[in-house]
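Peer 1: I am sharing model-v2.cif, which consists of mmCIF, C-alpha atoms:
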```
data_upload
loop_
_atom_site.label_atom_id
_atom_site.label_comp_id
_atom_site.auth_asym_id
_atom_site.auth_seq_id
_atom_site.Cartn_x
_atom_site.Cartn_y
_atom_site.Cartn_z
CA MET N 1 -47.53 -2.60 -21.45
CA ARG N 2 -45.46 -5.55 -20.33
CA SER N 3 -43.47 -7.51 -22.94
CA TRP N 4 -43.84 -11.19 -23.73
CA SER N 5 -40.55 -11.94 -21.97
CA TRP N 6 -42.04 -10.69 -18.69
CA PHE N 7 -45.04 -13.01 -19.02
CA LEU N 8 -42.72 -15.89 -19.96
CA SER N 9 -40.62 -15.23 -16.88
CA ARG N 10 -43.71 -15.25 -14.66
CA VAL N 11 -44.94 -18.54 -16.12
CA MET N 12 -41.55 -20.19 -15.62
CA ARG N 13 -41.40 -18.93 -12.04
CA LEU N 14 -44.75 -20.54 -11.31
CA PHE N 15 -43.56 -23.79 -12.90
CA LEU N 16 -40.43 -23.79 -10.76
CA ARG N 17 -42.47 -23.30 -7.59
CA TRP N 18 -44.75 -26.15 -8.62
CA PHE N 19 -41.74 -28.41 -9.25
CA ARG N 20 -40.38 -27.65 -5.79
CA LEU N 21 -43.70 -28.47 -4.12
CA CYS N 22 -44.73 -31.56 -6.10
CA PRO N 23 -42.09 -34.04 -4.87
CA ARG N 24 -43.31 -33.65 -1.27
CA ARG N 25 -46.90 -34.66 -2.03
CA GLY N 26 -46.50 -38.27 -3.11
CA ARG N 27 -45.48 -41.08 -0.80
CA ARG N 28 -44.54 -43.68 -3.40
CA LYS N 29 -41.09 -43.49 -4.81
CA ARG N 30 -40.95 -42.80 -8.53
CA PRO N 31 -39.06 -45.25 -10.77
CA SER N 32 -35.60 -44.29 -11.93
CA ARG N 33 -36.68 -43.51 -15.50
CA ILE N 34 -39.46 -41.19 -14.35
CA ARG N 35 -37.09 -39.55 -11.87
CA ASP N 36 -34.59 -38.89 -14.66
CA LEU N 37 -37.29 -37.29 -16.81
CA TRP N 38 -38.42 -35.22 -13.83
CA ASN N 39 -34.90 -33.98 -13.18
CA TYR N 40 -34.39 -33.25 -16.86
CA GLY N 41 -37.59 -31.19 -17.02
CA THR N 42 -36.63 -29.29 -13.88
CA LEU N 43 -33.19 -28.53 -15.25
CA LEU N 44 -34.71 -27.44 -18.54
CA LEU N 45 -37.07 -24.98 -16.93
CA LYS N 46 -34.34 -23.57 -14.69
CA SER N 47 -31.96 -23.14 -17.61
CA LEU N 48 -34.63 -21.29 -19.58
CA HIS N 49 -35.63 -19.12 -16.63
CA TYR N 50 -32.15 -18.06 -15.53
CA ASN N 51 -30.67 -17.75 -19.02
CA VAL N 52 -30.54 -14.10 -20.09
CA LEU N 53 -30.24 -15.17 -23.75
CA THR N 54 -33.55 -17.06 -23.72
CA ASN N 55 -35.81 -16.11 -26.62
CA SER N 56 -38.72 -17.61 -28.51
CA ASP N 57 -36.45 -19.73 -30.74
CA THR N 58 -34.74 -21.29 -27.72
CA VAL N 59 -38.08 -22.10 -26.10
CA LEU N 60 -39.42 -23.68 -29.29
CA ASP N 61 -36.26 -25.79 -29.66
CA CYS N 62 -36.69 -27.09 -26.13
CA VAL N 63 -40.40 -27.80 -26.61
CA PHE N 64 -39.80 -29.72 -29.86
CA GLU N 65 -36.74 -31.58 -28.54
CA PRO N 66 -38.74 -34.83 -27.93
CA ILE N 67 -40.05 -34.66 -31.51
CA TYR N 68 -36.52 -34.16 -32.85
CA TRP N 69 -35.36 -37.12 -30.77
CA LEU N 70 -38.16 -39.31 -32.13
CA VAL N 71 -37.46 -38.36 -35.76
CA ASP N 72 -33.72 -38.94 -35.37
CA ASN N 73 -34.17 -42.37 -33.83
CA MET N 74 -36.78 -43.38 -36.41
CA THR N 75 -34.44 -42.28 -39.20
CA ARG N 76 -31.60 -44.26 -37.65
CA TRP N 77 -33.78 -47.37 -37.47
CA PHE N 78 -35.23 -46.93 -40.96
CA GLY N 79 -31.70 -46.63 -42.33
CA VAL N 80 -31.24 -50.38 -41.91
CA VAL N 81 -34.55 -50.96 -43.72
CA PHE N 82 -33.58 -48.66 -46.59
CA VAL N 83 -30.19 -50.31 -47.04
CA SER N 84 -31.86 -53.73 -47.12
CA LEU N 85 -34.36 -52.39 -49.65
CA VAL N 86 -31.58 -51.10 -51.93
CA ILE N 87 -29.83 -54.48 -51.83
CA LEU N 88 -33.08 -56.37 -52.42
CA LEU N 89 -34.26 -54.25 -55.37
CA THR N 90 -30.83 -54.17 -57.00
CA SER N 91 -30.45 -57.93 -56.63
CA SER N 92 -33.89 -58.52 -58.14
CA VAL N 93 -33.00 -56.43 -61.20
CA VAL N 94 -29.69 -58.26 -61.65
CA ILE N 95 -31.41 -61.65 -61.40
CA ILE N 96 -34.04 -60.66 -63.97
CA VAL N 97 -31.35 -59.41 -66.34
CA TYR N 98 -29.43 -62.68 -66.10
CA LEU N 99 -32.48 -64.96 -66.34
CA CYS N 100 -34.71 -63.05 -68.78
CA VAL N 101 -32.90 -60.29 -70.66
CA LEU N 102 -29.54 -61.88 -71.48
CA PRO N 103 -31.08 -65.07 -73.01
CA ILE N 104 -33.12 -62.87 -75.38
CA ILE N 105 -30.03 -60.82 -76.25
CA PHE N 106 -27.98 -63.97 -76.94
CA SER N 107 -30.66 -65.39 -79.24
CA THR N 108 -31.59 -62.27 -81.23
CA TYR N 109 -28.71 -59.76 -81.19
CA PRO N 110 -25.60 -59.78 -83.41
CA VAL N 111 -22.21 -60.64 -81.94
CA HIS N 112 -20.89 -57.08 -81.56
CA TRP N 113 -24.00 -56.00 -79.63
CA ILE N 114 -23.73 -59.05 -77.39
CA LEU N 115 -20.13 -58.11 -76.54
CA TRP N 116 -21.17 -54.52 -75.88
CA HIS N 117 -23.91 -55.54 -73.43
CA LEU N 118 -21.64 -58.00 -71.64
CA CYS N 119 -18.76 -55.55 -71.24
CA TYR N 120 -20.72 -52.41 -70.37
CA GLY N 121 -23.28 -54.15 -68.16
CA HIS N 122 -20.71 -55.91 -65.99
CA TRP N 123 -18.51 -52.80 -65.75
CA ASN N 124 -21.47 -50.69 -64.63
CA LEU N 125 -22.52 -53.35 -62.13
CA LEU N 126 -19.00 -53.56 -60.70
CA MET N 127 -18.74 -49.79 -60.25
CA LEU N 128 -22.20 -49.59 -58.69
CA VAL N 129 -21.62 -52.34 -56.14
CA TYR N 130 -18.13 -51.12 -55.23
CA HIS N 131 -19.11 -47.50 -54.60
CA TYR N 132 -22.24 -48.41 -52.66
CA TYR N 133 -20.22 -50.69 -50.40
CA LYS N 134 -17.59 -47.99 -49.84
CA ALA N 135 -20.21 -45.28 -49.25
CA THR N 136 -21.98 -47.30 -46.56
CA THR N 137 -18.88 -48.61 -44.78
CA THR N 138 -16.50 -45.63 -44.97
CA CYS N 139 -16.54 -43.27 -42.01
CA PRO N 140 -17.23 -39.72 -43.23
CA GLY N 141 -14.73 -38.31 -40.73
CA SER N 142 -15.04 -36.46 -37.41
CA PRO N 143 -12.92 -33.75 -35.77
CA PRO N 144 -10.60 -34.85 -32.95
CA GLN N 145 -12.10 -34.78 -29.48
CA GLU N 146 -8.85 -33.99 -27.70
CA LYS N 147 -7.20 -30.59 -27.62
CA SER N 148 -5.23 -29.77 -30.78
CA GLU N 149 -3.79 -26.84 -32.70
CA ILE N 150 -6.23 -27.22 -35.59
CA PRO N 151 -7.91 -23.90 -36.49
CA THR N 152 -11.61 -23.90 -35.65
CA VAL N 153 -14.46 -21.56 -36.46
CA THR N 154 -16.98 -22.28 -33.68
CA ILE N 155 -17.96 -24.61 -30.85
CA CYS N 156 -20.49 -27.38 -31.40
CA LYS N 157 -23.46 -26.85 -29.08
CA LYS N 158 -24.14 -30.60 -28.98
CA CYS N 159 -20.64 -32.10 -28.67
CA ILE N 160 -19.16 -29.09 -26.83
CA VAL N 161 -15.95 -29.43 -28.88
CA PRO N 162 -14.34 -27.05 -31.40
CA LYS N 163 -15.58 -27.39 -34.98
CA PRO N 164 -13.25 -26.87 -37.97
CA ALA N 165 -14.46 -25.14 -41.09
CA ARG N 166 -17.17 -26.96 -43.12
CA THR N 167 -17.92 -29.24 -40.13
CA HIS N 168 -21.50 -29.68 -38.95
CA HIS N 169 -23.25 -31.76 -36.32
CA CYS N 170 -25.45 -34.69 -37.37
CA SER N 171 -28.21 -35.32 -34.83
CA ILE N 172 -28.84 -38.81 -36.24
CA CYS N 173 -25.23 -39.99 -35.97
CA ASN N 174 -24.85 -37.84 -32.80
CA ARG N 175 -21.44 -36.51 -33.78
CA CYS N 176 -19.79 -33.78 -35.86
CA ILE N 177 -19.01 -34.66 -39.49
CA LEU N 178 -16.15 -33.20 -41.53
CA LYS N 179 -17.41 -31.41 -44.67
CA MET N 180 -20.91 -32.70 -43.97
CA ASP N 181 -23.24 -32.82 -46.96
CA HIS N 182 -26.27 -34.62 -45.48
CA HIS N 183 -27.33 -37.79 -43.70
CA CYS N 184 -28.44 -40.34 -46.28
CA PRO N 185 -30.93 -42.96 -45.03
CA TRP N 186 -30.28 -45.08 -48.15
CA LEU N 187 -26.70 -45.47 -46.93
CA ASN N 188 -27.53 -45.42 -43.20
CA ASN N 189 -24.51 -43.16 -42.99
CA CYS N 190 -23.55 -39.52 -43.19
CA VAL N 191 -22.09 -38.15 -46.40
CA GLY N 192 -18.93 -36.31 -45.45
CA HIS N 193 -15.35 -35.67 -46.42
CA PHE N 194 -14.11 -39.25 -46.77
CA ASN N 195 -17.14 -40.83 -48.49
CA HIS N 196 -18.61 -37.95 -50.51
CA ARG N 197 -16.99 -39.21 -53.71
CA TYR N 198 -18.28 -42.73 -53.11
CA PHE N 199 -21.82 -41.43 -52.58
CA PHE N 200 -21.85 -39.35 -55.76
CA SER N 201 -20.27 -42.14 -57.81
CA PHE N 202 -22.90 -44.58 -56.56
CA CYS N 203 -25.70 -42.18 -57.55
CA LEU N 204 -24.10 -41.64 -60.96
CA PHE N 205 -23.53 -45.32 -61.77
CA MET N 206 -26.95 -46.32 -60.43
CA THR N 207 -28.56 -43.73 -62.70
CA MET N 208 -26.50 -44.93 -65.65
CA ALA N 209 -27.44 -48.54 -64.94
CA CYS N 210 -31.15 -47.71 -64.73
CA ILE N 211 -31.05 -45.75 -67.98
CA TYR N 212 -29.16 -48.60 -69.64
CA CYS N 213 -31.70 -51.20 -68.48
CA SER N 214 -34.64 -49.01 -69.39
CA ILE N 215 -33.41 -48.42 -72.95
CA SER N 216 -32.17 -51.97 -73.54
CA ALA N 217 -35.37 -53.59 -72.29
CA LYS N 218 -37.82 -51.17 -73.91
CA ASP N 219 -38.82 -53.47 -76.81
CA MET N 220 -38.97 -56.46 -74.48
CA PHE N 221 -41.21 -54.49 -72.12
CA LEU N 222 -43.59 -53.53 -74.94
CA ASP N 223 -43.81 -57.14 -76.16
CA ALA N 224 -44.42 -58.39 -72.61
CA TYR N 225 -47.05 -55.73 -71.92
CA ASN N 226 -48.89 -56.50 -75.16
CA ALA N 227 -48.76 -60.20 -74.33
CA ILE N 228 -50.31 -59.56 -70.92
CA GLU N 229 -53.07 -57.47 -72.49
CA SER N 230 -53.73 -59.92 -75.34
CA GLY N 231 -56.06 -62.17 -73.33
CA ARG N 232 -53.88 -65.27 -73.67
CA TYR N 233 -53.13 -65.44 -69.95
CA TRP N 234 -56.06 -67.79 -69.27
CA ASP N 235 -56.15 -71.40 -70.38
CA GLY N 236 -58.53 -74.33 -69.91
CA HIS N 237 -61.56 -72.60 -71.47
CA ALA N 238 -63.95 -74.33 -73.85
CA GLN N 239 -64.05 -73.24 -77.45
CA GLY N 240 -66.35 -70.35 -77.99
CA GLU N 241 -66.39 -69.53 -74.26
CA ALA N 242 -65.75 -65.96 -73.19
CA VAL N 243 -62.31 -65.47 -71.65
CA PRO N 244 -62.57 -63.80 -68.22
CA GLY N 245 -61.33 -60.23 -68.25
CA ALA N 246 -60.87 -60.14 -72.00
CA GLY N 247 -64.45 -59.98 -73.20
CA LEU N 248 -63.65 -62.04 -76.33
CA ILE N 249 -65.46 -65.02 -77.90
CA TYR N 250 -63.50 -66.91 -80.52
CA ILE N 251 -66.27 -67.80 -83.00
CA SER N 252 -65.91 -67.66 -86.78
CA PHE N 253 -68.71 -67.97 -89.36
CA SER N 254 -68.42 -69.26 -92.92
CA PRO N 255 -70.94 -69.09 -95.79
CA GLN N 256 -70.96 -72.89 -96.02
CA SER N 257 -70.85 -73.90 -92.38
CA SER N 258 -70.71 -72.41 -88.95
CA TYR N 259 -67.97 -73.62 -86.66
CA GLN N 260 -66.01 -72.44 -83.66
CA THR N 261 -62.31 -71.68 -84.02
CA PRO N 262 -60.10 -72.50 -81.05
CA PRO N 263 -58.53 -69.60 -79.18
CA PRO N 264 -54.79 -68.99 -79.56
CA PRO N 265 -52.66 -71.13 -77.26
CA ALA N 266 -52.23 -69.70 -73.78
CA PHE N 267 -48.83 -68.78 -72.40
CA THR N 268 -47.11 -71.21 -70.12
CA HIS N 269 -46.38 -70.38 -66.49
CA GLN N 270 -42.72 -69.72 -67.31
CA GLU N 271 -43.62 -67.32 -70.12
CA ARG N 272 -46.02 -65.44 -67.87
CA MET N 273 -43.32 -65.05 -65.22
CA VAL N 274 -40.91 -63.72 -67.84
CA HIS N 275 -43.45 -61.17 -69.05
CA LYS N 276 -44.24 -59.91 -65.56
CA SER N 277 -40.55 -59.75 -64.68
CA LEU N 278 -39.79 -57.63 -67.74
CA VAL N 279 -42.61 -55.23 -66.91
CA TYR N 280 -41.36 -54.98 -63.31
CA LEU N 281 -37.79 -54.40 -64.52
CA TRP N 282 -38.71 -51.60 -66.91
CA VAL N 283 -41.06 -49.77 -64.54
CA LEU N 284 -38.59 -49.92 -61.63
CA THR N 285 -35.51 -48.84 -63.58
CA SER N 286 -37.34 -46.05 -65.40
CA SER N 287 -38.72 -44.63 -62.14
CA VAL N 288 -35.37 -44.78 -60.36
CA ALA N 289 -33.60 -43.25 -63.37
CA VAL N 290 -35.87 -40.18 -63.24
CA ALA N 291 -35.79 -39.69 -59.46
CA LEU N 292 -32.14 -40.53 -58.82
CA GLY N 293 -31.05 -38.77 -62.01
CA ALA N 294 -32.50 -35.49 -60.72
CA LEU N 295 -30.69 -35.94 -57.39
CA THR N 296 -27.41 -36.75 -59.15
CA LEU N 297 -27.74 -33.69 -61.37
CA TRP N 298 -28.33 -31.49 -58.33
CA HIS N 299 -25.23 -32.80 -56.57
CA ALA N 300 -23.22 -32.31 -59.75
CA VAL N 301 -24.23 -28.64 -59.73
CA LEU N 302 -23.16 -28.33 -56.08
CA ILE N 303 -19.79 -29.94 -56.81
CA THR N 304 -19.27 -27.58 -59.74
CA ARG N 305 -19.87 -24.64 -57.38
CA GLY N 306 -17.63 -26.05 -54.63
CA GLU N 307 -20.48 -26.39 -52.16
CA THR N 308 -22.19 -29.05 -50.08
CA SER N 309 -25.92 -29.31 -49.45
CA VAL N 310 -25.54 -27.64 -46.05
CA GLU N 311 -23.32 -24.89 -47.41
CA ARG N 312 -25.82 -24.20 -50.17
CA HIS N 313 -28.35 -22.95 -47.61
CA ILE N 314 -25.72 -21.11 -45.56
CA ASN N 315 -24.24 -19.38 -48.61
CA ARG N 316 -27.66 -18.36 -49.87
CA LYS N 317 -28.44 -16.58 -46.59
CA GLU N 318 -24.98 -15.00 -46.54
CA ARG N 319 -25.41 -13.84 -50.12
CA LYS N 320 -28.67 -12.07 -49.25
CA ARG N 321 -27.15 -10.48 -46.14
CA LEU N 322 -24.18 -9.08 -48.01
CA ARG N 323 -26.34 -7.88 -50.90
CA LEU N 324 -28.20 -5.60 -48.48
CA LYS N 325 -24.84 -4.08 -47.52
CA GLY N 326 -23.82 -3.55 -51.14
CA LYS N 327 -21.27 -6.34 -51.12
CA VAL N 328 -20.84 -9.49 -53.20
CA PHE N 329 -20.46 -12.92 -51.65
CA ARG N 330 -17.64 -15.17 -52.85
CA ASN N 331 -17.51 -18.84 -51.93
CA PRO N 332 -14.10 -19.36 -50.25
CA TYR N 333 -13.98 -23.01 -51.39
CA HIS N 334 -14.68 -22.39 -55.09
CA HIS N 335 -11.51 -23.07 -57.12
CA GLY N 336 -13.07 -22.94 -60.56
CA LYS N 337 -15.45 -25.41 -62.16
CA MET N 338 -12.88 -27.84 -63.55
CA ASN N 339 -10.61 -27.58 -60.52
CA ASN N 340 -13.54 -28.31 -58.22
CA TRP N 341 -14.13 -31.59 -60.04
CA LYS N 342 -10.45 -32.51 -60.00
CA ILE N 343 -10.26 -31.87 -56.24
CA PHE N 344 -13.48 -33.77 -55.61
CA LEU N 345 -12.49 -36.82 -57.70
CA GLY N 346 -8.83 -36.76 -56.62
CA VAL N 347 -7.50 -36.32 -60.16
CA GLU N 348 -3.89 -35.14 -60.11
CA LYS N 349 -2.71 -36.30 -63.55
CA GLN N 350 -4.28 -37.39 -66.84
CA SER N 351 -4.04 -41.11 -66.11
CA ASP N 352 -6.10 -40.63 -62.94
CA TRP N 353 -9.23 -40.16 -65.06
CA LEU N 354 -8.91 -43.84 -65.96
CA THR N 355 -7.51 -45.33 -62.76
CA ARG N 356 -9.44 -43.21 -60.25
CA VAL N 357 -12.69 -42.35 -62.06
CA LEU N 358 -13.48 -45.08 -64.59
CA LEU N 359 -12.13 -47.92 -62.45
CA PRO N 360 -12.74 -48.77 -58.77
CA SER N 361 -10.34 -46.78 -56.61
CA GLY N 362 -10.03 -46.39 -52.86
CA HIS N 363 -7.75 -43.34 -52.88
CA LEU N 364 -8.25 -40.76 -50.13
CA PRO N 365 -9.79 -37.36 -50.90
CA HIS N 366 -7.80 -34.16 -51.17
CA GLY N 367 -6.80 -32.83 -47.75
CA ASP N 368 -7.62 -34.04 -44.26
CA GLY N 369 -11.00 -32.33 -43.93
CA LEU N 370 -9.77 -30.19 -41.01
CA THR N 371 -8.09 -27.31 -42.84
CA TRP N 372 -9.02 -25.85 -46.21
CA ASP N 373 -7.05 -23.73 -48.63
CA GLY N 374 -8.81 -20.95 -50.51
CA PRO N 375 -8.07 -20.03 -54.14
CA SER N 376 -4.59 -18.57 -54.45
CA HIS N 377 -5.69 -15.68 -56.69
CA ARG N 378 -8.09 -14.23 -54.09
CA ILE N 379 -7.19 -12.22 -51.04
CA ASN N 380 -10.64 -11.59 -49.53
CA THR N 381 -12.81 -14.52 -50.54
CA MET N 382 -15.86 -13.76 -48.46
CA ALA N 383 -17.02 -10.28 -49.40
CA ILE N 384 -15.82 -7.48 -51.61
#
```
How does the structure come out when it is put into structure tokens?
Peer 2:
Amino acid sequence: MRSWSWFLSRVMRLFLRWFRLCPRRGRRKRPSRIRDLWNYGTLLLKSLHYNVLTNSDTVLDCVFEPIYWLVDNMTRWFGVVFVSLVILLTSSVVIIVYLCVLPIIFSTYPVHWILWHLCYGHWNLLMLVYHYYKATTTCPGSPPQEKSEIPTVTICKKCIVPKPARTHHCSICNRCILKMDHHCPWLNNCVGHFNHRYFFSFCLFMTMACIYCSISAKDMFLDAYNAIESGRYWDGHAQGEAVPGAGLIYISFSPQSSYQTPPPPAFTHQERMVHKSLVYLWVLTSSVAVALGALTLWHAVLITRGETSVERHINRKERKRLRLKGKVFRNPYHHGKMNNWKIFLGVEKQSDWLTRVLLPSGHLPHGDGLTWDGPSHRINTMAI
């Protein structure tokens, strides 16, 4: 019985013969774009046919290459939309806080709570804006294209250049990224060695800001929601007339006389806008706090383990492979939980917790992203 590779070889041979015969049939000259696609398809079939390492995975990768190209380009285009959406939603929340929430706080809260909201709110906003700007504009880092003495672990199949440790190729950015974590469409940028701290800090401070707004505006949201549901959002109705959508008739009866009581005064247009804005604020911040909080917690776990999102999948497969051989996998970039955080945040002394973590700081990360030092107390860090 012949194997599937034999049938695949026969099919490719027939395709190659057809490609050699087809150009002679037509008289009209094909446009340049079509000719390029024709040549690319011919080269693809020849490379698959004459490549002794061709297998089913290689064929599937080639077949789905146009789909990968479409997804990558759509993601690159949607990145601009997502960044604009982040700026728009964040700006809308800030405007609502300044126009609706702060006036209520100034008129009802004691002085010490007013100072707390002013100080914490503006500090959180400053940290959020700063780290988002740095995360989107900072290059994550790429290995040098020219020949160098930097130790490498493999060759990138896309760039055809040596890749240092922890470096991976991003098909959306179309380049290799040092210590690549993932490509974030909300940043329209890759998360790598030089902007990983900015990305995590943005997620952390955005989550903190959403939780802060959600808790601070909870009572205001409940009052606004009850006001919307109270039936006082419609004015201009005659006494005793049913209010549309509310199903209420304001009629009161007395033992002596029967008369109609006027409905409660309707809210003004400005009050209605305030109520709707508070409901929008609370729903948006609560939703983002839950979703982004889960993502931030997951990245905090990865940082504690000394891993990136890509390395998490690689290490899990390596851990299973070594377990079958009776060995134990050890992450070569794990320096201990606390040391991992110090390396990630760039903390070298006690004062750095204030100047580099709690205040905006543009300091560079530890190392150059090309070479990595393993823990000093381990000799064989991969398998024992």
Peer 1: Return as JSON the box centre and box size in Å, one decimal, for an axis-aligned box around all listed atoms of stretch 313-323 of chain N padded by 6 Å per side.
Peer 2:
```
{"center_x": -26.4, "center_y": -15.4, "center_z": -48.2, "size_x": 16.5, "size_y": 27.1, "size_z": 17.3}
```
Peer 1: In Å to one decimal, how far is atom CA of N:Leu359 from atom CA of N:Ala217?
Peer 2: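 It comes out at 25.9 Å.
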Peer 1: Could you list, as a PDB file with C-alpha atoms, keeping the file's coordinate frame, every residue matched by the PyMOL selection byres ((chain N and resi 86) around 12) in this structure?
Peer 2:
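Printed below is expr20.pdb as written:
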```
ATOM      1  CA  GLY N  79     -31.700 -46.630 -42.330  1.00  0.00           C
ATOM      2  CA  VAL N  80     -31.240 -50.380 -41.910  1.00  0.00           C
ATOM      3  CA  VAL N  81     -34.550 -50.960 -43.720  1.00  0.00           C
ATOM      4  CA  PHE N  82     -33.580 -48.660 -46.590  1.00  0.00           C
ATOM      5  CA  VAL N  83     -30.190 -50.310 -47.040  1.00  0.00           C
ATOM      6  CA  SER N  84     -31.860 -53.730 -47.120  1.00  0.00           C
ATOM      7  CA  LEU N  85     -34.360 -52.390 -49.650  1.00  0.00           C
ATOM      8  CA  ILE N  87     -29.830 -54.480 -51.830  1.00  0.00           C
ATOM      9  CA  LEU N  88     -33.080 -56.370 -52.420  1.00  0.00           C
ATOM     10  CA  LEU N  89     -34.260 -54.250 -55.370  1.00  0.00           C
ATOM     11  CA  THR N  90     -30.830 -54.170 -57.000  1.00  0.00           C
ATOM     12  CA  SER N  91     -30.450 -57.930 -56.630  1.00  0.00           C
ATOM     13  CA  SER N  92     -33.890 -58.520 -58.140  1.00  0.00           C
ATOM     14  CA  VAL N  93     -33.000 -56.430 -61.200  1.00  0.00           C
ATOM     15  CA  LEU N 128     -22.200 -49.590 -58.690  1.00  0.00           C
ATOM     16  CA  VAL N 129     -21.620 -52.340 -56.140  1.00  0.00           C
ATOM     17  CA  TYR N 132     -22.240 -48.410 -52.660  1.00  0.00           C
ATOM     18  CA  TYR N 133     -20.220 -50.690 -50.400  1.00  0.00           C
ATOM     19  CA  THR N 136     -21.980 -47.300 -46.560  1.00  0.00           C
ATOM     20  CA  PRO N 185     -30.930 -42.960 -45.030  1.00  0.00           C
ATOM     21  CA  TRP N 186     -30.280 -45.080 -48.150  1.00  0.00           C
ATOM     22  CA  LEU N 187     -26.700 -45.470 -46.930  1.00  0.00           C
ATOM     23  CA  ASN N 188     -27.530 -45.420 -43.200  1.00  0.00           C
ATOM     24  CA  PHE N 202     -22.900 -44.580 -56.560  1.00  0.00           C
ATOM     25  CA  MET N 206     -26.950 -46.320 -60.430  1.00  0.00           C
ATOM     26  CA  VAL N 288     -35.370 -44.780 -60.360  1.00  0.00           C
TER      27      VAL N 288
END
```
Peer 1: Let me know the residues the PyMOL selection byres ((chain N and resi 303) around 10) catches in the file above, as a PyMOL selection string.
Peer 2: chain N and resi 200+297-302+304-309+334+337-338+340-341+343-344
Peer 1: I'd like the interatomic distance between atom CA of N:Lys46 and atom CA of N:Cys156, to a tenth of an Å.
Peer 2: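 The value is 22.0 Å.
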Peer 1: Running the PyMOL selection byres ((chain N and resi 360) around 9) on this model by hand, what would come out? Give it as a tab-separated table (two decimals) with C-alpha atoms, keeping the file's coordinate frame.
Peer 2:
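File produced: result_5.tsv:
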```tsv
chain	number	residue	atom	x	y	z
N	126	LEU	CA	-19.00	-53.56	-60.70
N	127	MET	CA	-18.74	-49.79	-60.25
N	130	TYR	CA	-18.13	-51.12	-55.23
N	131	HIS	CA	-19.11	-47.50	-54.60
N	355	THR	CA	-7.51	-45.33	-62.76
N	356	ARG	CA	-9.44	-43.21	-60.25
N	357	VAL	CA	-12.69	-42.35	-62.06
N	358	LEU	CA	-13.48	-45.08	-64.59
N	359	LEU	CA	-12.13	-47.92	-62.45
N	361	SER	CA	-10.34	-46.78	-56.61
N	362	GLY	CA	-10.03	-46.39	-52.86
```
Peer 1: I'd like the interatomic distance between atom CA of N:Ala224 and atom CA of N:Leu278, to a tenth of an Å.
Peer 2: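 These atoms are spaced 6.8 Å apart.
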Peer 1: Which of these, N:His182, N:Arg197, N:His269, N:Arg330, has the shortest distance to N:Val310 once you count only C-alpha atoms?
Peer 2: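 Closest candidate: N:His182.
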Peer 1: Have a look at N:Val283, N:Ile314, N:Val191, N:Ile34 and name the one nearest to N:Ala135; count all atoms listed in the file.
Peer 2: N:Val191
Peer 1: Give me, as a ChimeraX atom specification, all polymer residues having an atom no more than 9 Å from N:His169, counting all atoms listed in the file and skipping those fewer than 5 positions away in the same chain.
Peer 2: /N:156-159,163,174-178,180
Peer 1: Using only C-alpha atoms, which of N:Asn124, N:Ser171, N:Thr154, N:Thr42 sits nearest N:Val71?
Peer 2: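 Selected residue with least distance to N:Val71: N:Ser171.
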Peer 1: Between N:Tyr280, N:Phe205, N:Tyr198, N:Phe329, which one has atoms that come closest to N:Tyr120, using all atoms listed in the file?
Peer 2: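 Selected residue with least distance to N:Tyr120: N:Phe205.
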Peer 1: Which residues are close to N:Val274, i.e. within 12 Å by all atoms listed in the file, leaving aside same-chain residues fewer than 5 positions away? Reply as a count of residues only.
Peer 2: 22
Peer 1: Within 10 Å of (-10.0, -30.5, -25.0) (file coordinates; all atoms listed in the file), which protein or nucleic acid residues are there? I'd like them as a list in words.
Peer 2: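 The distance filter leaves exactly Pro144, Gln145, Glu146, Lys147, Ser148, Ile160, Val161 and Pro162 of chain N.
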Peer 1: Restricting the calculation to all atoms listed in the file: of N:Ile155, N:Ala289, N:Trp372, N:His193, which residue gets closest to N:Cys139?
Peer 2: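 Between N:Ile155, N:Ala289, N:Trp372, N:His193, the residue approaching N:Cys139 most closely is N:His193.
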Peer 1: Given all atoms listed in the file as the basis, pick out the residue of N:Lys342, N:His313, N:His183, N:Lys276 nearest to N:Pro365.
Peer 2: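 Distance minimum relative to N:Pro365 lands on N:Lys342.
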Peer 1: Grab stretch 35-49 of chain N from that structure and dump C-alpha atoms to a file, as a PDB file, in the first residue's frame.
Peer 2:
```pdb
ATOM      1  CA  ARG N  35       2.185  37.365 -12.839  1.00  0.00           C
ATOM      2  CA  ASP N  36       3.742  37.789  -9.391  1.00  0.00           C
ATOM      3  CA  LEU N  37       1.062  35.604  -7.823  1.00  0.00           C
ATOM      4  CA  TRP N  38       1.567  33.031 -10.572  1.00  0.00           C
ATOM      5  CA  ASN N  39       5.308  32.939  -9.991  1.00  0.00           C
ATOM      6  CA  TYR N  40       4.800  32.733  -6.238  1.00  0.00           C
ATOM      7  CA  GLY N  41       2.423  29.776  -6.603  1.00  0.00           C
ATOM      8  CA  THR N  42       4.831  28.016  -8.962  1.00  0.00           C
ATOM      9  CA  LEU N  43       7.718  28.521  -6.575  1.00  0.00           C
ATOM     10  CA  LEU N  44       5.596  27.296  -3.688  1.00  0.00           C
ATOM     11  CA  LEU N  45       4.660  24.073  -5.417  1.00  0.00           C
ATOM     12  CA  LYS N  46       8.244  23.432  -6.517  1.00  0.00           C
ATOM     13  CA  SER N  47       9.581  24.047  -3.031  1.00  0.00           C
ATOM     14  CA  LEU N  48       7.052  21.614  -1.582  1.00  0.00           C
ATOM     15  CA  HIS N  49       7.698  18.990  -4.244  1.00  0.00           C
TER      16      HIS N  49
END
```
